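What follows is the content of structure.csv, which has CSV, C-alpha atoms (C1' of nucleotides):
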```csv
chain,number,residue,atom,x,y,z
A,1,MET,CA,7.9,-23.0,-22.4
A,2,THR,CA,7.6,-20.8,-25.4
A,3,ASN,CA,10.1,-18.2,-26.4
A,4,ASP,CA,7.4,-15.7,-26.9
A,5,VAL,CA,7.2,-12.8,-24.6
A,6,PRO,CA,3.5,-12.3,-24.1
A,7,TRP,CA,3.4,-8.5,-24.6
A,8,LEU,CA,0.0,-6.9,-24.4
A,9,ASN,CA,-1.5,-5.6,-27.5
A,10,ALA,CA,-2.4,-1.9,-27.7
A,11,GLU,CA,-5.9,-2.3,-26.4
A,12,GLU,CA,-5.0,-4.7,-23.6
A,13,ASP,CA,-2.2,-2.3,-22.6
A,14,ARG,CA,-4.6,0.6,-22.5
A,15,SER,CA,-7.1,-1.2,-20.3
A,16,TRP,CA,-4.4,-2.6,-18.0
A,17,ARG,CA,-2.7,0.7,-17.5
A,18,ALA,CA,-5.9,2.4,-16.8
A,19,PHE,CA,-6.8,-0.2,-14.2
A,20,VAL,CA,-3.4,0.0,-12.5
A,21,ARG,CA,-3.7,3.7,-12.3
A,22,LEU,CA,-7.2,3.4,-10.9
A,23,HIS,CA,-5.9,1.1,-8.3
A,24,GLN,CA,-3.3,3.5,-7.2
A,25,LYS,CA,-5.3,6.7,-7.3
A,26,LEU,CA,-8.7,5.6,-6.0
A,27,PHE,CA,-7.5,3.9,-2.8
A,28,ARG,CA,-5.0,6.6,-2.1
A,29,ARG,CA,-7.8,9.2,-2.4
A,30,LEU,CA,-10.2,7.2,-0.3
A,31,GLY,CA,-7.6,6.6,2.4
A,32,ALA,CA,-6.6,10.3,2.5
A,33,ASP,CA,-10.2,11.4,2.7
A,34,LEU,CA,-10.9,9.0,5.6
A,35,GLU,CA,-7.8,10.1,7.4
A,36,THR,CA,-8.5,13.8,6.9
A,37,HIS,CA,-12.1,13.7,8.0
A,38,SER,CA,-12.2,11.1,10.6
A,39,GLY,CA,-8.7,10.4,11.8
A,40,LEU,CA,-9.0,6.8,10.7
A,41,SER,CA,-6.6,5.1,8.3
A,42,GLY,CA,-8.0,2.7,5.7
A,43,ALA,CA,-6.5,-0.1,7.8
A,44,ASP,CA,-8.4,1.1,10.9
A,45,PHE,CA,-11.5,1.4,9.0
A,46,GLN,CA,-11.4,-2.2,7.7
A,47,ILE,CA,-10.8,-3.6,11.1
A,48,LEU,CA,-13.6,-1.6,12.7
A,49,VAL,CA,-16.0,-2.5,9.9
A,50,ALA,CA,-15.2,-6.2,10.3
A,51,LEU,CA,-15.8,-5.9,14.1
A,52,THR,CA,-19.1,-4.1,13.7
A,53,ASP,CA,-20.2,-6.8,11.3
A,54,VAL,CA,-20.5,-9.3,14.1
A,55,PRO,CA,-23.1,-8.9,16.9
A,56,GLU,CA,-20.6,-8.9,19.8
A,57,GLY,CA,-18.1,-6.6,18.1
A,58,ARG,CA,-15.6,-9.2,19.1
A,59,LEU,CA,-13.5,-11.6,17.1
A,60,ARG,CA,-10.7,-14.0,17.5
A,61,PHE,CA,-7.5,-12.7,15.8
A,62,GLN,CA,-7.7,-15.6,13.4
A,63,ASP,CA,-11.3,-15.0,12.5
A,64,LEU,CA,-10.7,-11.3,12.0
A,65,ALA,CA,-7.7,-12.1,9.9
A,66,GLY,CA,-9.8,-14.5,7.8
A,67,ALA,CA,-12.6,-12.0,7.4
A,68,ILE,CA,-10.4,-9.3,5.9
A,69,ASP,CA,-7.8,-11.6,4.4
A,70,TRP,CA,-4.8,-10.3,6.3
A,71,GLU,CA,-1.7,-12.0,7.5
A,72,ARG,CA,-1.4,-12.6,11.2
A,73,SER,CA,1.6,-10.4,11.7
A,74,ARG,CA,0.0,-7.5,9.9
A,75,LEU,CA,-3.1,-7.8,12.0
A,76,SER,CA,-1.1,-8.1,15.2
A,77,HIS,CA,0.9,-4.9,14.5
A,78,GLN,CA,-2.2,-3.0,13.4
A,79,VAL,CA,-4.2,-4.0,16.5
A,80,SER,CA,-1.4,-3.0,18.7
A,81,ARG,CA,-1.5,0.5,17.3
A,82,MET,CA,-5.3,0.7,17.6
A,83,ILE,CA,-5.2,-0.4,21.2
A,84,LYS,CA,-2.9,2.4,22.0
A,85,ARG,CA,-5.4,4.8,20.5
A,86,GLY,CA,-8.3,3.2,22.3
A,87,LEU,CA,-10.2,2.0,19.3
A,88,VAL,CA,-10.2,-1.7,20.2
A,89,ALA,CA,-9.2,-3.8,23.1
A,90,ARG,CA,-7.6,-7.2,23.6
A,91,GLU,CA,-9.3,-9.9,25.6
A,92,GLU,CA,-7.9,-13.2,26.7
A,93,CYS,CA,-9.6,-16.3,25.3
A,94,ALA,CA,-10.8,-18.8,28.0
A,95,GLU,CA,-11.2,-21.8,25.6
A,96,ASP,CA,-7.7,-21.5,24.1
A,97,GLY,CA,-4.9,-20.1,26.1
A,98,ARG,CA,-3.0,-19.2,22.9
A,99,GLY,CA,-5.8,-17.3,21.4
A,100,ALA,CA,-7.1,-13.8,22.0
A,101,PHE,CA,-10.1,-11.6,21.0
A,102,VAL,CA,-10.1,-8.2,19.5
A,103,VAL,CA,-13.1,-6.2,20.8
A,104,ILE,CA,-14.3,-2.8,19.5
A,105,THR,CA,-14.5,-0.2,22.3
A,106,PRO,CA,-17.2,2.4,22.6
A,107,GLN,CA,-14.7,4.9,21.3
A,108,GLY,CA,-14.1,2.7,18.3
A,109,ARG,CA,-17.8,2.5,17.6
A,110,GLU,CA,-18.1,6.2,17.8
A,111,ALA,CA,-15.2,6.6,15.4
A,112,ILE,CA,-16.6,4.2,12.8
A,113,GLU,CA,-20.1,5.5,13.1
A,114,ALA,CA,-18.8,9.0,12.5
A,115,ALA,CA,-16.6,7.9,9.6
A,116,ALA,CA,-18.7,5.5,7.6
A,117,PRO,CA,-21.4,7.8,6.3
A,118,ARG,CA,-19.0,10.3,4.8
A,119,HIS,CA,-16.8,7.5,3.4
A,120,LEU,CA,-19.9,6.0,1.7
A,121,VAL,CA,-20.7,9.4,0.2
A,122,VAL,CA,-17.3,9.5,-1.3
A,123,VAL,CA,-17.4,5.9,-2.6
A,124,ARG,CA,-20.8,6.7,-4.2
A,125,ARG,CA,-19.6,9.9,-5.7
A,126,LEU,CA,-16.4,8.5,-7.1
A,127,VAL,CA,-17.4,5.1,-8.1
A,128,ILE,CA,-21.0,3.9,-7.7
A,129,ASP,CA,-22.7,6.9,-9.2
A,130,ALA,CA,-20.0,7.3,-11.8
A,131,LEU,CA,-21.0,4.1,-13.4
A,132,ASP,CA,-24.3,2.9,-14.8
A,133,PRO,CA,-25.6,-0.2,-13.1
A,134,GLU,CA,-24.5,-2.6,-15.8
A,135,ASP,CA,-20.9,-1.3,-15.6
A,136,LEU,CA,-21.0,-1.6,-11.8
A,137,ALA,CA,-22.3,-5.2,-12.1
A,138,ALA,CA,-19.6,-5.9,-14.7
A,139,LEU,CA,-17.0,-4.6,-12.3
A,140,GLY,CA,-18.2,-6.9,-9.7
A,141,ARG,CA,-18.2,-9.9,-12.1
A,142,ILE,CA,-14.8,-9.1,-13.4
A,143,SER,CA,-13.4,-8.7,-9.8
A,144,SER,CA,-14.8,-12.1,-8.8
A,145,ARG,CA,-13.4,-13.8,-11.8
A,146,VAL,CA,-9.9,-12.5,-11.3
A,147,LEU,CA,-10.1,-13.3,-7.6
A,148,GLU,CA,-11.0,-16.9,-8.4
A,149,ARG,CA,-7.9,-17.1,-10.6
A,150,ILE,CA,-5.7,-15.7,-7.8
A,151,ASP,CA,-7.2,-18.1,-5.3
A,152,ALA,CA,-6.7,-21.0,-7.7
A,153,GLU,CA,-3.0,-20.4,-7.7
A,154,PRO,CA,-1.4,-21.8,-4.5
A,155,ARG,CA,1.4,-19.2,-4.4
B,1,MET,CA,-28.4,6.6,12.7
B,2,THR,CA,-30.0,8.8,10.2
B,3,ASN,CA,-32.0,7.6,7.2
B,4,ASP,CA,-30.3,9.9,4.7
B,5,VAL,CA,-27.0,7.9,4.7
B,6,PRO,CA,-26.5,6.7,1.2
B,7,TRP,CA,-26.0,3.0,2.0
B,8,LEU,CA,-25.2,0.7,-0.8
B,9,ASN,CA,-27.9,-1.7,-1.9
B,10,ALA,CA,-27.2,-5.4,-1.9
B,11,GLU,CA,-26.0,-5.6,-5.4
B,12,GLU,CA,-23.9,-2.4,-5.2
B,13,ASP,CA,-22.4,-3.7,-2.0
B,14,ARG,CA,-21.5,-7.0,-3.6
B,15,SER,CA,-19.8,-5.4,-6.5
B,16,TRP,CA,-18.0,-2.9,-4.3
B,17,ARG,CA,-16.7,-5.4,-1.9
B,18,ALA,CA,-15.4,-7.7,-4.7
B,19,PHE,CA,-13.6,-4.8,-6.2
B,20,VAL,CA,-12.0,-3.8,-2.9
B,21,ARG,CA,-10.9,-7.3,-2.4
B,22,LEU,CA,-9.5,-7.5,-5.8
B,23,HIS,CA,-7.6,-4.3,-5.3
B,24,GLN,CA,-6.0,-5.8,-2.2
B,25,LYS,CA,-5.2,-9.2,-3.4
B,26,LEU,CA,-4.2,-8.7,-7.0
B,27,PHE,CA,-1.5,-6.1,-6.4
B,28,ARG,CA,-0.3,-7.9,-3.3
B,29,ARG,CA,0.2,-11.0,-5.4
B,30,LEU,CA,1.8,-9.2,-8.3
B,31,GLY,CA,4.2,-7.4,-6.0
B,32,ALA,CA,5.1,-10.6,-4.1
B,33,ASP,CA,5.7,-12.4,-7.3
B,34,LEU,CA,7.9,-9.7,-8.7
B,35,GLU,CA,9.9,-9.5,-5.4
B,36,THR,CA,10.4,-13.3,-5.3
B,37,HIS,CA,11.5,-13.8,-8.8
B,38,SER,CA,13.4,-10.7,-9.6
B,39,GLY,CA,14.2,-9.0,-6.4
B,40,LEU,CA,12.3,-5.9,-7.5
B,41,SER,CA,9.5,-4.3,-5.6
B,42,GLY,CA,6.4,-3.0,-7.4
B,43,ALA,CA,7.8,0.5,-6.7
B,44,ASP,CA,11.2,-0.4,-8.3
B,45,PHE,CA,9.4,-1.8,-11.3
B,46,GLN,CA,7.3,1.2,-11.9
B,47,ILE,CA,10.3,3.5,-11.8
B,48,LEU,CA,12.3,1.4,-14.1
B,49,VAL,CA,9.5,1.0,-16.6
B,50,ALA,CA,9.0,4.7,-16.7
B,51,LEU,CA,12.7,5.2,-17.3
B,52,THR,CA,12.9,2.6,-20.1
B,53,ASP,CA,9.9,4.3,-21.7
B,54,VAL,CA,12.1,7.2,-22.7
B,55,PRO,CA,15.0,6.9,-25.1
B,56,GLU,CA,17.7,8.2,-22.9
B,57,GLY,CA,16.6,6.2,-19.8
B,58,ARG,CA,16.8,9.5,-18.1
B,59,LEU,CA,14.2,11.9,-16.6
B,60,ARG,CA,14.0,14.9,-14.4
B,61,PHE,CA,12.5,14.1,-11.0
B,62,GLN,CA,9.5,16.2,-11.8
B,63,ASP,CA,8.8,14.5,-15.1
B,64,LEU,CA,9.3,11.0,-13.6
B,65,ALA,CA,6.9,11.9,-10.8
B,66,GLY,CA,4.4,13.2,-13.4
B,67,ALA,CA,4.7,10.1,-15.5
B,68,ILE,CA,3.8,7.7,-12.7
B,69,ASP,CA,1.8,10.2,-10.7
B,70,TRP,CA,3.8,10.1,-7.5
B,71,GLU,CA,4.5,12.8,-4.9
B,72,ARG,CA,7.9,14.3,-4.9
B,73,SER,CA,8.8,13.1,-1.5
B,74,ARG,CA,7.8,9.6,-2.2
B,75,LEU,CA,9.9,9.6,-5.4
B,76,SER,CA,12.9,11.1,-3.6
B,77,HIS,CA,12.9,8.4,-0.9
B,78,GLN,CA,12.4,5.6,-3.4
B,79,VAL,CA,15.1,6.8,-5.7
B,80,SER,CA,17.5,7.1,-2.8
B,81,ARG,CA,16.9,3.5,-2.0
B,82,MET,CA,17.4,2.5,-5.6
B,83,ILE,CA,20.6,4.4,-5.9
B,84,LYS,CA,22.0,2.4,-3.0
B,85,ARG,CA,21.2,-0.8,-4.9
B,86,GLY,CA,22.7,0.5,-8.1
B,87,LEU,CA,19.5,0.4,-10.1
B,88,VAL,CA,19.5,4.1,-11.0
B,89,ALA,CA,21.8,7.0,-10.6
B,90,ARG,CA,21.4,10.7,-10.0
B,91,GLU,CA,22.7,13.4,-12.4
B,92,GLU,CA,22.9,17.1,-11.8
B,93,CYS,CA,21.0,19.3,-14.1
B,94,ALA,CA,23.0,21.9,-16.0
B,95,GLU,CA,20.0,24.1,-17.0
B,96,ASP,CA,18.5,24.3,-13.6
B,97,GLY,CA,20.6,24.2,-10.5
B,98,ARG,CA,17.7,23.0,-8.4
B,99,GLY,CA,16.9,20.1,-10.6
B,100,ALA,CA,18.3,16.6,-11.1
B,101,PHE,CA,17.9,13.7,-13.4
B,102,VAL,CA,17.3,10.1,-12.5
B,103,VAL,CA,19.1,7.7,-15.0
B,104,ILE,CA,18.7,4.0,-15.3
B,105,THR,CA,22.0,2.1,-14.9
B,106,PRO,CA,23.0,-0.9,-16.9
B,107,GLN,CA,22.3,-2.9,-13.9
B,108,GLY,CA,18.8,-1.4,-13.7
B,109,ARG,CA,18.2,-2.3,-17.3
B,110,GLU,CA,19.3,-5.8,-16.7
B,111,ALA,CA,17.0,-6.1,-13.8
B,112,ILE,CA,13.9,-4.7,-15.6
B,113,GLU,CA,14.6,-6.8,-18.7
B,114,ALA,CA,14.8,-9.9,-16.6
B,115,ALA,CA,11.7,-9.1,-14.6
B,116,ALA,CA,9.3,-7.8,-17.2
B,117,PRO,CA,8.6,-10.9,-19.2
B,118,ARG,CA,7.7,-13.0,-16.2
B,119,HIS,CA,5.6,-10.2,-14.8
B,120,LEU,CA,3.7,-10.0,-18.0
B,121,VAL,CA,3.1,-13.7,-17.9
B,122,VAL,CA,1.5,-13.4,-14.5
B,123,VAL,CA,-0.6,-10.3,-15.5
B,124,ARG,CA,-1.8,-12.3,-18.4
B,125,ARG,CA,-2.6,-15.4,-16.5
B,126,LEU,CA,-4.4,-13.6,-13.6
B,127,VAL,CA,-6.1,-10.9,-15.5
B,128,ILE,CA,-5.9,-10.5,-19.2
B,129,ASP,CA,-6.6,-14.1,-20.1
B,130,ALA,CA,-9.1,-14.5,-17.3
B,131,LEU,CA,-11.4,-12.1,-19.0
B,132,ASP,CA,-13.0,-12.1,-22.4
B,133,PRO,CA,-12.1,-9.1,-24.5
B,134,GLU,CA,-15.4,-7.3,-23.8
B,135,ASP,CA,-14.9,-7.5,-20.1
B,136,LEU,CA,-11.3,-6.3,-20.4
B,137,ALA,CA,-12.4,-3.4,-22.5
B,138,ALA,CA,-15.2,-2.7,-19.9
B,139,LEU,CA,-12.6,-2.7,-17.2
B,140,GLY,CA,-10.5,-0.2,-19.1
B,141,ARG,CA,-13.6,2.0,-19.7
B,142,ILE,CA,-14.7,1.8,-16.1
B,143,SER,CA,-11.3,2.6,-14.8
B,144,SER,CA,-11.0,5.7,-17.1
B,145,ARG,CA,-14.4,6.9,-16.0
B,146,VAL,CA,-13.6,6.7,-12.3
B,147,LEU,CA,-10.2,8.3,-12.9
B,148,GLU,CA,-12.0,11.2,-14.5
B,149,ARG,CA,-14.1,11.7,-11.5
B,150,ILE,CA,-11.1,11.6,-9.2
B,151,ASP,CA,-9.2,14.1,-11.2
B,152,ALA,CA,-12.3,16.3,-11.4
B,153,GLU,CA,-12.3,16.7,-7.6
B,154,PRO,CA,-9.5,19.0,-6.6
B,155,ARG,CA,-8.9,17.1,-3.3
C,1,DT,C1',21.1,44.4,-7.2
C,2,DA,C1',18.3,43.4,-3.3
C,3,DG,C1',14.5,41.2,-2.0
C,4,DC,C1',10.3,38.4,-2.7
C,5,DT,C1',8.0,34.6,-4.3
C,6,DG,C1',7.7,30.3,-6.3
C,7,DT,C1',9.7,25.8,-7.7
C,8,DA,C1',12.8,21.4,-7.3
C,9,DG,C1',14.1,18.3,-4.5
C,10,DT,C1',15.5,16.5,0.5
C,11,DT,C1',14.8,15.1,5.1
C,12,DG,C1',12.8,13.3,9.4
C,13,DA,C1',8.9,11.5,11.7
C,14,DT,C1',5.3,8.4,11.8
C,15,DA,C1',2.3,4.8,10.1
C,16,DC,C1',1.8,0.7,7.4
C,17,DA,C1',3.3,-4.0,5.1
C,18,DT,C1',6.0,-8.1,5.0
C,19,DC,C1',9.2,-11.5,6.4
C,20,DA,C1',11.5,-14.6,9.4
C,21,DA,C1',12.2,-15.9,14.0
C,22,DC,C1',10.3,-16.4,18.3
C,23,DT,C1',7.0,-17.9,22.7
C,24,DA,C1',3.3,-20.2,24.5
C,25,DT,C1',-0.2,-23.3,24.2
C,26,DC,C1',-2.8,-27.1,22.3
C,27,DT,C1',-3.4,-31.9,20.4
C,28,DA,C1',-2.3,-36.4,19.0
C,29,DT,C1',0.2,-40.4,19.7
C,30,DG,C1',3.1,-43.6,21.9
D,1,DC,C1',1.7,-38.9,31.0
D,2,DA,C1',5.4,-37.4,27.9
D,3,DT,C1',6.6,-35.3,24.2
D,4,DA,C1',6.7,-34.0,19.2
D,5,DG,C1',4.5,-31.4,16.0
D,6,DA,C1',1.1,-28.1,14.9
D,7,DT,C1',-1.3,-23.7,15.8
D,8,DA,C1',-2.1,-18.7,17.8
D,9,DG,C1',-0.2,-14.7,18.2
D,10,DT,C1',4.1,-11.5,19.0
D,11,DT,C1',8.2,-9.2,17.8
D,12,DG,C1',12.1,-6.9,15.4
D,13,DA,C1',14.0,-5.7,11.0
D,14,DT,C1',13.4,-3.7,6.7
D,15,DG,C1',11.1,-1.4,3.0
D,16,DT,C1',7.4,1.6,1.6
D,17,DA,C1',3.9,5.8,1.9
D,18,DT,C1',2.7,10.3,3.5
D,19,DC,C1',3.1,14.7,5.8
D,20,DA,C1',5.3,18.9,7.1
D,21,DA,C1',9.3,21.4,7.5
D,22,DC,C1',13.4,22.5,5.3
D,23,DT,C1',17.4,24.0,1.7
D,24,DA,C1',18.7,25.9,-2.4
D,25,DC,C1',18.1,27.9,-6.5
D,26,DA,C1',15.3,30.6,-10.2
D,27,DG,C1',12.9,34.4,-11.9
D,28,DC,C1',10.5,38.6,-11.2
D,29,DT,C1',10.0,43.2,-9.6
D,30,DA,C1',11.4,47.5,-7.5
```
As structure tokens, what does this structure read like?
Amino acid sequence: MTNDVPWLNAEEDRSWRAFVRLHQKLFRRLGADLETHSGLSGADFQILVALTDVPEGRLRFQDLAGAIDWERSRLSHQVSRMIKRGLVAREECAEDGRGAFVVITPQGREAIEAAAPRHLVVVRRLVIDALDPEDLAALGRISSRVLERIDAEPR
Amino acid sequence: MTNDVPWLNAEEDRSWRAFVRLHQKLFRRLGADLETHSGLSGADFQILVALTDVPEGRLRFQDLAGAIDWERSRLSHQVSRMIKRGLVAREECAEDGRGAFVVITPQGREAIEAAAPRHLVVVRRLVIDALDPEDLAALGRISSRVLERIDAEPR
DNA sequence: TAGCTGTAGTTGATACATCAACTATCTATG
DNA sequence: CATAGATAGTTGATGTATCAACTACAGCTA
């Protein structure tokens, strides 16, 4: 190993700090807006989107977890809270006695359908329309590249 | 469903989803790595960095909150936890009886000095060195532009 | 100087994230 | 078929984030 501490140079540091700050503020804002106007948290929203993405509105815990890249425990806790509020329901799994399905309820559908349009308006206003198409494409490319690196490291 | 909902087109959607995923995975990973190798959370790290950024290692709550863009309440809770672990201390403020300072302790300095180099290695490996300089610059530019939009909206 | 208004920071409640330990069921292998 | 090991999901503990309500002090104005 080298003795060098790999400090960032001025330009790298500027970019990195701006990005960190963006990370913090943007998703805080999006979550707060969602909560305020639709009573859904960012977590609720993610789950409901994943469920409406499949025809039945119904996924095994493991598949749902895979779709949104969450830990099992996190999903289990979150789903419990959402069941209490009637947004989703739990269904036993006939083929595998250990397994279970999460199903979106009519009330959950209503909630996501009410929340999504406004959420998209905000995403557009703050991000999509703030960037010219090349920058948006660059953001996608950059994100994918970093994600590859992350996934390449076992952890 | 109305037609005037501003859905994202395929390309926008790809970019946006990649970015959201990056947001979730990158900072989860950075936080976990920090926690594992230095016993500091991302929150601890941010506070300690802000404190070492000033000569005295000492800031009023309000200035610290401003520097890292946190709510007062969040900072208050976080500092309480850090005091318990000896990373920072609270000092009364002579000029303003309502105010207080947060000061980094020798133990806090030790912790941040131990944590920072490794943290930077990971940031470099996952992000800085994963991107060519133009993309990194683009990321900084993009971040700043979106941040401007966020700050322009009162909330 | 009494009272009003604003500011600094705290506190308690609730939701969320993460970890480790746990239960129940499945599957493979003898 | 017995059982060991793997897999699906749950649970409790702890730390973190956010909101609203609160205390205490500051500074202004009458």
Separation of atom CA of B:Arg98 from atom C1' of D:DA30, in Å and rounded to one decimal: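 So the answer is 25.3 Å.
Atom CA of A:Leu59 is found 5.2 Å from atom CA of A:Phe101.
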Any chance you could fit chain B onto chain A with least squares, all Cα atoms in order, and share the moved copy as a short mmCIF file (atom, residue, chain, number, x, y, z; two decimals) with C-alpha atoms, in the frame of the given file?
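Dumped everything to superposed_28.cif:
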```cif
data_model
loop_
_atom_site.label_atom_id
_atom_site.label_comp_id
_atom_site.auth_asym_id
_atom_site.auth_seq_id
_atom_site.Cartn_x
_atom_site.Cartn_y
_atom_site.Cartn_z
CA MET B 1 14.27 -11.33 -26.42
CA THR B 2 12.32 -14.35 -27.29
CA ASN B 3 9.16 -14.37 -29.40
CA ASP B 4 7.19 -16.62 -27.06
CA VAL B 5 6.72 -13.88 -24.39
CA PRO B 6 3.03 -13.36 -24.06
CA TRP B 7 3.01 -9.58 -24.56
CA LEU B 8 -0.23 -7.79 -24.25
CA ASN B 9 -1.78 -6.46 -27.43
CA ALA B 10 -2.59 -2.79 -27.70
CA GLU B 11 -6.06 -3.03 -26.44
CA GLU B 12 -5.21 -5.46 -23.60
CA ASP B 13 -2.38 -3.18 -22.62
CA ARG B 14 -4.67 -0.17 -22.53
CA SER B 15 -7.18 -1.85 -20.35
CA TRP B 16 -4.52 -3.28 -18.07
CA ARG B 17 -2.73 -0.08 -17.56
CA ALA B 18 -5.97 1.84 -16.77
CA PHE B 19 -6.84 -0.75 -14.22
CA VAL B 20 -3.42 -0.58 -12.57
CA ARG B 21 -3.70 3.11 -12.42
CA LEU B 22 -7.09 2.94 -10.97
CA HIS B 23 -5.93 0.52 -8.34
CA GLN B 24 -3.25 3.01 -7.31
CA LYS B 25 -5.17 6.17 -7.36
CA LEU B 26 -8.59 5.19 -6.11
CA PHE B 27 -7.48 3.57 -2.86
CA ARG B 28 -4.85 6.23 -2.30
CA ARG B 29 -7.58 8.84 -2.52
CA LEU B 30 -10.04 6.94 -0.39
CA GLY B 31 -7.44 6.35 2.29
CA ALA B 32 -6.29 10.00 2.26
CA ASP B 33 -9.81 11.18 2.52
CA LEU B 34 -10.63 8.91 5.40
CA GLU B 35 -7.39 9.94 7.24
CA THR B 36 -8.11 13.67 6.74
CA HIS B 37 -11.65 13.68 7.83
CA SER B 38 -11.79 11.09 10.49
CA GLY B 39 -8.31 10.37 11.56
CA LEU B 40 -8.70 6.72 10.56
CA SER B 41 -6.46 4.89 8.19
CA GLY B 42 -7.89 2.48 5.60
CA ALA B 43 -6.48 -0.31 7.82
CA ASP B 44 -8.28 1.08 10.94
CA PHE B 45 -11.49 1.30 8.98
CA GLN B 46 -11.40 -2.20 7.74
CA ILE B 47 -10.85 -3.57 11.22
CA LEU B 48 -13.57 -1.55 12.71
CA VAL B 49 -16.06 -2.43 10.02
CA ALA B 50 -15.35 -6.07 10.48
CA LEU B 51 -15.88 -5.71 14.21
CA THR B 52 -19.18 -3.80 13.86
CA ASP B 53 -20.34 -6.51 11.46
CA VAL B 54 -20.72 -8.89 14.37
CA PRO B 55 -23.17 -8.36 17.20
CA GLU B 56 -20.77 -8.42 20.05
CA GLY B 57 -18.16 -6.17 18.34
CA ARG B 58 -15.79 -8.87 19.30
CA LEU B 59 -13.78 -11.49 17.34
CA ARG B 60 -10.98 -13.90 17.82
CA PHE B 61 -7.81 -12.82 16.02
CA GLN B 62 -8.10 -15.74 13.70
CA ASP B 63 -11.68 -15.02 12.73
CA LEU B 64 -10.98 -11.27 12.25
CA ALA B 65 -8.02 -12.15 10.04
CA GLY B 66 -10.24 -14.57 8.07
CA ALA B 67 -12.96 -12.02 7.66
CA ILE B 68 -10.73 -9.40 6.06
CA ASP B 69 -8.22 -11.85 4.68
CA TRP B 70 -5.14 -10.56 6.45
CA GLU B 71 -2.03 -12.38 7.70
CA ARG B 72 -1.75 -12.91 11.37
CA SER B 73 1.30 -10.83 11.78
CA ARG B 74 -0.13 -7.93 9.95
CA LEU B 75 -3.28 -8.07 12.12
CA SER B 76 -1.24 -8.32 15.32
CA HIS B 77 0.82 -5.21 14.52
CA GLN B 78 -2.22 -3.23 13.43
CA VAL B 79 -4.24 -4.14 16.44
CA SER B 80 -1.38 -3.19 18.71
CA ARG B 81 -1.36 0.21 17.17
CA MET B 82 -5.10 0.52 17.56
CA ILE B 83 -5.03 -0.50 21.15
CA LYS B 84 -2.65 2.36 21.86
CA ARG B 85 -5.18 4.77 20.35
CA GLY B 86 -8.04 3.25 22.27
CA LEU B 87 -9.98 2.10 19.24
CA VAL B 88 -10.06 -1.58 20.23
CA ALA B 89 -9.08 -3.63 23.17
CA ARG B 90 -7.69 -7.10 23.70
CA GLU B 91 -9.47 -9.81 25.75
CA GLU B 92 -8.09 -13.12 26.87
CA CYS B 93 -9.84 -16.17 25.69
CA ALA B 94 -11.16 -18.51 28.37
CA GLU B 95 -11.62 -21.57 26.08
CA ASP B 96 -8.24 -21.43 24.54
CA GLY B 97 -5.26 -20.13 26.41
CA ARG B 98 -3.43 -19.31 23.21
CA GLY B 99 -6.19 -17.25 21.79
CA ALA B 100 -7.45 -13.69 22.27
CA PHE B 101 -10.32 -11.55 21.24
CA VAL B 102 -10.20 -8.12 19.70
CA VAL B 103 -13.19 -5.92 20.93
CA ILE B 104 -14.27 -2.60 19.61
CA THR B 105 -14.33 0.13 22.30
CA PRO B 106 -16.94 2.79 22.58
CA GLN B 107 -14.43 5.13 21.26
CA GLY B 108 -13.87 2.85 18.26
CA ARG B 109 -17.57 2.79 17.60
CA GLU B 110 -17.75 6.50 17.75
CA ALA B 111 -14.95 6.80 15.32
CA ILE B 112 -16.37 4.29 12.76
CA GLU B 113 -19.86 5.80 13.04
CA ALA B 114 -18.48 9.22 12.35
CA ALA B 115 -16.31 8.08 9.47
CA ALA B 116 -18.54 5.69 7.60
CA PRO B 117 -21.15 8.00 6.22
CA ARG B 118 -18.66 10.38 4.68
CA HIS B 119 -16.66 7.50 3.31
CA LEU B 120 -19.71 6.14 1.66
CA VAL B 121 -20.40 9.49 0.13
CA VAL B 122 -17.00 9.52 -1.48
CA VAL B 123 -17.28 5.84 -2.68
CA ARG B 124 -20.53 6.80 -4.22
CA ARG B 125 -19.33 9.92 -5.87
CA LEU B 126 -16.08 8.37 -7.27
CA VAL B 127 -17.33 4.98 -8.14
CA ILE B 128 -20.86 3.87 -7.69
CA ASP B 129 -22.51 6.90 -9.24
CA ALA B 130 -19.83 7.22 -11.88
CA LEU B 131 -20.94 4.00 -13.42
CA ASP B 132 -24.24 2.87 -14.82
CA PRO B 133 -25.66 -0.17 -13.09
CA GLU B 134 -24.54 -2.57 -15.85
CA ASP B 135 -20.98 -1.47 -15.57
CA LEU B 136 -21.06 -1.74 -11.78
CA ALA B 137 -22.47 -5.20 -12.01
CA ALA B 138 -19.74 -6.03 -14.64
CA LEU B 139 -17.14 -4.79 -12.25
CA GLY B 140 -18.49 -7.00 -9.50
CA ARG B 141 -18.56 -10.01 -11.91
CA ILE B 142 -15.07 -9.34 -13.17
CA SER B 143 -13.68 -8.94 -9.74
CA SER B 144 -15.26 -12.27 -8.56
CA ARG B 145 -13.88 -14.05 -11.58
CA VAL B 146 -10.32 -12.87 -11.02
CA LEU B 147 -10.61 -13.63 -7.30
CA GLU B 148 -11.53 -17.17 -8.23
CA ARG B 149 -8.46 -17.55 -10.26
CA ILE B 150 -6.28 -16.19 -7.49
CA ASP B 151 -7.72 -18.48 -4.93
CA ALA B 152 -7.40 -21.40 -7.35
CA GLU B 153 -3.60 -20.97 -7.41
CA PRO B 154 -2.17 -22.20 -4.16
CA ARG B 155 0.64 -19.56 -4.21
#
```
6 Å contacts from chain A to chain B using all atoms listed in the file, as number ranges by chain: A: 5, 15, 18-19, 22, 117, 126-127, 140, 143, 146, 149
Can you work out which residues from chain C touch chain B at a cut-off of 8 Å (counting all atoms listed in the file) and hand them back as a PDB file with C-alpha atoms (C1' of nucleotides), keeping the file's coordinate frame?
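As written to disk, result.pdb reads:
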```
ATOM      1  C1'  DA C   8      12.800  21.400  -7.300  1.00  0.00           C
ATOM      2  C1'  DG C   9      14.100  18.300  -4.500  1.00  0.00           C
ATOM      3  C1'  DT C  10      15.500  16.500   0.500  1.00  0.00           C
TER       4       DT C  10
END
```
